[in-house]
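Working notes, structure below.
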Amino acid sequence: MKDRAAHLRQLLNHHAHRYYVLDDPSIPDAEYDRLFKELQALEAAHPELLSPDSPTQRVGGAPVDAFASVRHRVPMLSIHTETDISDLGAQAFDQRVRKQLQLKENDAPVEYVAELKFDGLAISLRYLDHVLVQAATRGDGETGEDVTHNIRTIGQIPLRLPPQAPAELEVRGEVYMRRNDFEALNIRQRERIAAGAKNEKTFVNPRNAAAGAVRQLDPQIAAQRPLSFFAYALHFHPQEPQSLPPLEATLWGLQHYGTQAKVLQCLKAWGFAVAEETQTVTGAKGLVQFHQHIAGLRDQLPFDIDGVVYKVNRIDQQAQMGMVSREPRWAVAHKYPAQEELTTVLAIDVQVGRTGKLTPVAKLDPVFVGGVTVTNATLHNEDEARRKDVRVGDTVVVRRAGDVIPEVVSVVMEKRLHEAAIFTMPKLCPVCASAAVREEGEADYRCTGGLFCSAQQKQAVLHFAQRRAVEIEDLGEKLVDQLVDAGLVKTLADVYKLGFSHLATLDRMAEKSANNLLASLERSKSTTLPRFVFGLGIRHVGEATAKDLARHFGGIDAIMDASVEQLLQVHDVGPVVAQSLRTFFDQAHNREVVEQLRACGVHWQESDPQGRLDLPLSGHTYVITGTLPTLSREQAQALLEEAGAKVAGSVSKKTTAVVAGEAAGSKLEKAAALGIPVLDEAGLLALVKPAT
Ligand code: IVH
């Protein structure tokens, strides 16, 4: 019986590692549950068999009244933060290291381990006789809090280390929450609040949610908060705790490992998750490259980072370098621009989009976030604005990640000074005063004014003129505003009816600009069917759908006349898109605009209906990720499309294959998870090569 319990513990810990750390379970969940229940039953009947490394002990501990303090046997040091967010940060660090190590100019470049700077909280894990016995927060670096009961619930943290690991050690790393786990948690929290639960709240960001979970007094609650863990450091206890100076204490016993890279490799072998993005690099150049590489990857990572960490790889060199005010000189954190900042809401405006959609937008006190100055942030729609309860005068968290439109994440309620009115959506379009309606089951209000609404006229023209549509180079926002406001342009076709005399009446329109615009208009007349269809701005018809429609039908008349059933035959066109197309072309004024555009000379090449369906890659979908050695992304996409394939932005079960280059990120992981084949550039070229 004792053997069976030990065997079950080992088996379950093995499968937990495969599931949580390697993301590669080898048995079905139901089988895991069965083994788990068997062990639980055995332990219930024979409490003497219980041991702290039993997976049954991950959950179910009793709540504690307060956290006990833990004096760290090896201090938890801080890390110097390089504030220069440009490449100079990496160069400055390398120079300091070389100086400290007294290296001459001709000496070889220093070797570094470059890691991610995870945005969670530092935790120290103590193992005795291979078993996890204590987990503590950093606290002030000398004394932290005992959070063992909560940390045990984290599936990615091994409860027992394999025999090849030293019996006694301390592992440090970051507890964090993955973005999708965070989103799901907030959805659950919202549902709880809506159902009347007291003392529940939503979380501002994953770090905040992770910190809250780790500092829970009730481990049952912590267990419901999906936490993850990355290991980044290993320590051993000096013979007499606190007898050594801090730097010596942190490096005690590590000489044997030789390098930080080796330490990480061992941590991984012992069952800890170590970030895959970690690299061993040389010199300032290697650091700069890593910094840039990760900057490009940041938004695709499934978790938040706020920078990268550079560490001198050799432990003997680390020992040589000393410390300044609790910060070892051998490491530095190099930050990226923050993606979230605080600012105040000056006003809440409602903007009218091309399809009449009304979007509440917070006008902000300008704030530098995500690398740019942001003055507007979307509140998405009425429900979102109400849910976040954003009001004029509020201090809010604004987030801008990558190229995503800046958004208001939440209100800092403690800072609300006076109660401004709750936001409500106007019942009339703020531009044309037509009724604004929210249809059953829809999140958005729409202006019913259609092309009578000047906001929609403007947006429609700008959409048509953009580079990805027919491309009218000199027709920008200000000019469109003037043209529409002056009543010169109401429909897309009016743009081509403009003459020099009309333009000359406009403010600040010099002769040269007028001529430039007329020349741009002339050039834009020669276009392609997909660009034209996309340019019409039909709801739900993006570039990819426009291409599919053009390929399927070959000409504009066939598209305009297609029934819903016929439209549904098109690759990737579903009922919503088909209905939207039908609704658009059922309106006489839309067909009229198409006719007028043709009459004004806008033209493109048509082809035989479905003429391209027999191309070699018809019906196949590819995803391109990373940097290919010679082809640009656009070139690779064009090659695939010419061969009849579709190129999508994200990997799904329908993806035929992923074309991956250097620095491919999460899309590659997803392809692996779904068992989708991966090609390199050579593979792509072989695929699209015309058969000879
Ligand atoms: S090393 C002496 N590595 O940054 C250096 N810290 O340390 C000890 N952090 O709150 C820390 N990612 O939790 C190190 N790859 C990484 C890290 C990392 C995040 C955090 C750590 C602590 C802060 C300063």
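All residue names refer to the structure tokens as shown: chains lettered A, B, ... in order, residues numbered from 1 in each chain, ligands numbered from 1 in order.
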
Legend entry - Who sits within 12 Å of Ala671 (chain A), only C-alpha atoms, same chain under 5 positions skipped, as a ChimeraX atom specification: /A:622-625,650-660,664-666,676-679

Could you please take those selected residues and save all heavy atoms as a compact mmCIF listing (two decimals), in the first residue's frame?
# COMPACT_ATOMS: atom_id res chain seq x y z
N TYR A 622 -2.47 29.43 -45.73
CA TYR A 622 -1.14 29.46 -45.12
C TYR A 622 -1.04 30.63 -44.15
O TYR A 622 -1.76 31.62 -44.28
CB TYR A 622 -0.06 29.62 -46.20
CG TYR A 622 0.06 28.37 -47.05
CD1 TYR A 622 -0.84 28.13 -48.09
CD2 TYR A 622 1.02 27.40 -46.77
CE1 TYR A 622 -0.77 26.97 -48.84
CE2 TYR A 622 1.10 26.24 -47.51
CZ TYR A 622 0.20 26.02 -48.55
OH TYR A 622 0.28 24.87 -49.26
N VAL A 623 -0.13 30.49 -43.19
CA VAL A 623 0.15 31.58 -42.27
C VAL A 623 1.65 31.84 -42.34
O VAL A 623 2.44 30.90 -42.33
CB VAL A 623 -0.25 31.21 -40.83
CG1 VAL A 623 0.25 32.25 -39.82
CG2 VAL A 623 -1.77 31.08 -40.72
N ILE A 624 2.03 33.13 -42.46
CA ILE A 624 3.46 33.47 -42.53
C ILE A 624 3.87 34.09 -41.20
O ILE A 624 3.17 34.96 -40.68
CB ILE A 624 3.73 34.48 -43.67
CG1 ILE A 624 3.15 33.94 -44.98
CG2 ILE A 624 5.22 34.74 -43.81
CD1 ILE A 624 3.18 34.94 -46.12
N THR A 625 4.99 33.65 -40.63
CA THR A 625 5.44 34.22 -39.36
C THR A 625 6.96 34.33 -39.34
O THR A 625 7.65 33.54 -39.97
CB THR A 625 4.90 33.40 -38.17
OG1 THR A 625 5.40 33.97 -36.96
CG2 THR A 625 5.34 31.95 -38.23
N SER A 650 -3.79 34.24 -38.53
CA SER A 650 -3.59 33.44 -37.34
C SER A 650 -3.78 31.96 -37.65
O SER A 650 -4.47 31.59 -38.60
CB SER A 650 -4.56 33.87 -36.25
OG SER A 650 -5.86 33.67 -36.70
N VAL A 651 -3.12 31.14 -36.83
CA VAL A 651 -3.12 29.70 -37.05
C VAL A 651 -4.38 29.08 -36.46
O VAL A 651 -4.77 29.41 -35.35
CB VAL A 651 -1.88 29.07 -36.37
CG1 VAL A 651 -1.85 27.57 -36.55
CG2 VAL A 651 -0.60 29.70 -36.92
N SER A 652 -5.03 28.24 -37.25
CA SER A 652 -6.19 27.51 -36.74
C SER A 652 -6.15 26.10 -37.31
O SER A 652 -5.24 25.78 -38.07
CB SER A 652 -7.48 28.21 -37.15
OG SER A 652 -7.72 27.96 -38.53
N LYS A 653 -7.17 25.33 -36.98
CA LYS A 653 -7.21 23.96 -37.48
C LYS A 653 -7.27 23.93 -39.00
O LYS A 653 -6.88 22.97 -39.64
CB LYS A 653 -8.44 23.24 -36.90
CG LYS A 653 -8.18 22.68 -35.51
CD LYS A 653 -9.35 21.86 -35.02
CE LYS A 653 -10.53 22.77 -34.76
NZ LYS A 653 -11.60 22.29 -33.97
N LYS A 654 -7.78 25.04 -39.59
CA LYS A 654 -7.96 25.07 -41.04
C LYS A 654 -6.67 25.41 -41.78
O LYS A 654 -6.64 25.39 -43.00
CB LYS A 654 -9.02 26.10 -41.39
CG LYS A 654 -10.41 25.69 -40.97
CD LYS A 654 -11.41 26.70 -41.50
CE LYS A 654 -12.79 26.45 -40.94
NZ LYS A 654 -13.61 27.65 -41.02
N THR A 655 -5.62 25.80 -41.03
CA THR A 655 -4.36 26.18 -41.68
C THR A 655 -3.72 24.96 -42.34
O THR A 655 -3.61 23.91 -41.72
CB THR A 655 -3.40 26.77 -40.63
OG1 THR A 655 -4.10 27.77 -39.90
CG2 THR A 655 -2.17 27.35 -41.27
N THR A 656 -3.31 25.13 -43.61
CA THR A 656 -2.64 24.02 -44.31
C THR A 656 -1.22 23.87 -43.78
O THR A 656 -0.78 22.77 -43.45
CB THR A 656 -2.56 24.32 -45.82
OG1 THR A 656 -3.86 24.69 -46.28
CG2 THR A 656 -2.05 23.13 -46.59
N ALA A 657 -0.48 24.99 -43.71
CA ALA A 657 0.88 24.95 -43.19
C ALA A 657 1.28 26.35 -42.77
O ALA A 657 0.68 27.33 -43.20
CB ALA A 657 1.84 24.44 -44.26
N VAL A 658 2.31 26.41 -41.92
CA VAL A 658 2.85 27.69 -41.48
C VAL A 658 4.21 27.88 -42.15
O VAL A 658 5.01 26.95 -42.17
CB VAL A 658 3.00 27.72 -39.94
CG1 VAL A 658 3.79 28.93 -39.49
CG2 VAL A 658 1.63 27.72 -39.28
N VAL A 659 4.42 29.06 -42.73
CA VAL A 659 5.72 29.37 -43.31
C VAL A 659 6.46 30.20 -42.27
O VAL A 659 6.02 31.29 -41.91
CB VAL A 659 5.57 30.17 -44.62
CG1 VAL A 659 6.94 30.49 -45.19
CG2 VAL A 659 4.72 29.41 -45.62
N ALA A 660 7.56 29.64 -41.73
CA ALA A 660 8.22 30.30 -40.61
C ALA A 660 9.63 30.71 -40.96
O ALA A 660 10.36 29.98 -41.63
CB ALA A 660 8.23 29.38 -39.40
N ALA A 664 10.36 33.46 -35.32
CA ALA A 664 8.94 33.13 -35.33
C ALA A 664 8.53 32.88 -33.89
O ALA A 664 9.30 32.32 -33.13
CB ALA A 664 8.70 31.89 -36.18
N GLY A 665 7.36 33.31 -33.51
CA GLY A 665 6.98 33.21 -32.10
C GLY A 665 5.84 32.27 -31.83
O GLY A 665 5.88 31.08 -32.19
N SER A 666 4.77 32.83 -31.23
CA SER A 666 3.68 32.00 -30.73
C SER A 666 2.94 31.26 -31.84
O SER A 666 2.34 30.22 -31.59
CB SER A 666 2.72 32.87 -29.95
OG SER A 666 2.26 33.90 -30.78
N ILE A 676 0.28 21.16 -37.17
CA ILE A 676 0.24 21.70 -38.53
C ILE A 676 1.67 21.79 -39.07
O ILE A 676 2.58 22.24 -38.37
CB ILE A 676 -0.43 23.09 -38.49
CG1 ILE A 676 -1.93 22.88 -38.25
CG2 ILE A 676 -0.21 23.86 -39.79
CD1 ILE A 676 -2.66 24.10 -37.85
N PRO A 677 1.88 21.36 -40.32
CA PRO A 677 3.24 21.36 -40.86
C PRO A 677 3.85 22.77 -40.94
O PRO A 677 3.12 23.75 -41.09
CB PRO A 677 3.08 20.77 -42.26
CG PRO A 677 1.66 20.44 -42.45
CD PRO A 677 0.88 20.82 -41.24
N VAL A 678 5.17 22.83 -40.86
CA VAL A 678 5.87 24.11 -40.91
C VAL A 678 6.86 24.07 -42.08
O VAL A 678 7.57 23.08 -42.25
CB VAL A 678 6.62 24.35 -39.58
CG1 VAL A 678 7.44 25.64 -39.66
CG2 VAL A 678 5.64 24.43 -38.42
N LEU A 679 6.85 25.13 -42.86
CA LEU A 679 7.77 25.21 -44.01
C LEU A 679 8.75 26.34 -43.79
O LEU A 679 8.44 27.32 -43.13
CB LEU A 679 7.00 25.58 -45.29
CG LEU A 679 5.85 24.70 -45.72
CD1 LEU A 679 5.15 25.38 -46.89
CD2 LEU A 679 6.39 23.35 -46.15

Inset, instruction - Would you mind listing what lies within 7 Å of region 545-557 of chain A as an MDAnalysis selection string, with only C-alpha atoms counted and same-chain residues fewer than 6 positions away left out? - result: chainID A and resid 529:530 533:534 570:571 606:610 612

If you take only C-alpha atoms and all ligand atoms and a cut-off of 10 Å, which residues of chain A touch ligand 1, and what are their nearest atom pairs and distances in Å to one decimal, in chain and number order, as CSV?
residue,atom,partner,partner_atom_place_in_ligand_line,distance
A:Pro75,CA,ligand 1,2 (C),9.7
A:Met76,CA,ligand 1,8 (C),6.8
A:Leu77,CA,ligand 1,2 (C),5.0
A:Ser78,CA,ligand 1,7 (O),4.5
A:Ile79,CA,ligand 1,7 (O),4.5
A:His80,CA,ligand 1,24 (C),7.7
A:Thr81,CA,ligand 1,24 (C),8.4
A:Val113,CA,ligand 1,15 (N),9.6
A:Ala114,CA,ligand 1,15 (N),8.1
A:Glu115,CA,ligand 1,15 (N),5.0
A:Leu116,CA,ligand 1,15 (N),5.1
A:Lys117,CA,ligand 1,12 (N),3.5
A:Phe118,CA,ligand 1,19 (C),4.2
A:Asp119,CA,ligand 1,19 (C),6.2
A:Gly120,CA,ligand 1,13 (O),6.7
A:Leu121,CA,ligand 1,13 (O),5.0
A:Ala122,CA,ligand 1,13 (O),3.6
A:Ile123,CA,ligand 1,13 (O),7.2
A:Ser124,CA,ligand 1,13 (O),9.6
A:Thr137,CA,ligand 1,13 (O),9.6
A:Arg138,CA,ligand 1,10 (O),7.6
A:Gly139,CA,ligand 1,10 (O),9.9
A:Gly141,CA,ligand 1,10 (O),9.8
A:Arg172,CA,ligand 1,11 (C),8.1
A:Gly173,CA,ligand 1,13 (O),6.4
A:Glu174,CA,ligand 1,13 (O),5.3
A:Val175,CA,ligand 1,13 (O),8.2
A:Tyr176,CA,ligand 1,13 (O),9.8
A:Phe230,CA,ligand 1,15 (N),8.3
A:Ala231,CA,ligand 1,15 (N),8.0
A:Tyr232,CA,ligand 1,3 (N),5.5
A:Ala233,CA,ligand 1,1 (S),6.7
A:Leu247,CA,ligand 1,2 (C),9.0
A:Thr250,CA,ligand 1,2 (C),8.4
A:Val274,CA,ligand 1,15 (N),9.4
A:Ala275,CA,ligand 1,15 (N),8.7
A:Thr278,CA,ligand 1,15 (N),8.7
A:Ile305,CA,ligand 1,19 (C),8.0
A:Asp306,CA,ligand 1,19 (C),8.4
A:Gly307,CA,ligand 1,12 (N),8.2
A:Val308,CA,ligand 1,15 (N),7.1
A:Val309,CA,ligand 1,15 (N),5.5
A:Tyr310,CA,ligand 1,15 (N),8.2
A:Lys311,CA,ligand 1,1 (S),8.1
A:Met323,CA,ligand 1,2 (C),9.6
A:Arg326,CA,ligand 1,2 (C),8.5
A:Glu327,CA,ligand 1,2 (C),6.4
A:Pro328,CA,ligand 1,2 (C),5.7
A:Arg329,CA,ligand 1,2 (C),8.5
A:Trp330,CA,ligand 1,2 (C),7.9
A:Ala331,CA,ligand 1,5 (C),6.2
A:Val332,CA,ligand 1,5 (C),7.8
A:Ala333,CA,ligand 1,4 (O),7.3

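Compared by their closest atoms to Ile538 (chain A), and using only C-alpha atoms, the residues A:Ala273, A:Val484, A:Ala68, A:Ala460 rank with A:Ala460 nearest.
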
Inset, instruction - Could you tell me which of A:Ile157, A:Leu518, A:Val97, A:Ala249 comes closest to Asn313 (chain A) if we count only C-alpha atoms? - result: A:Val97

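Reported to one decimal place, the separation of CA of Val412 (chain A) from CA of Asn376 (chain A) is 17.8 Å.
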
Inset, instruction - Select from region 265-416 of chain A everything DSSP, run on the backbone, classes as strand (DSSP E or B), then give the selection as an MDAnalysis selection string. - result: chainID A and resid 279:282 305:312 314 323:324 327:328 331:335 340:352 357:369 372:378 395:399 407:411

Inset, instruction - List every residue of region 262-448 of chain A that DSSP, applied to the backbone of this structure, places in alpha helix (DSSP H), and write the result as a PyMOL selection string. - result: chain A and resi 262-269+283-297+315-321+382-388

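Each of A:Glu471, A:Glu681, A:Glu168, A:Asp87 was compared to Gly535 (chain A) using only C-alpha atoms, and A:Glu471 turns out to be the nearest.
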
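Minimum atom-to-atom distances from A:Val390, A:Val470, A:Val404, A:Val372 to His603 (chain A) were compared using only C-alpha atoms, and the lowest value belongs to A:Val470.
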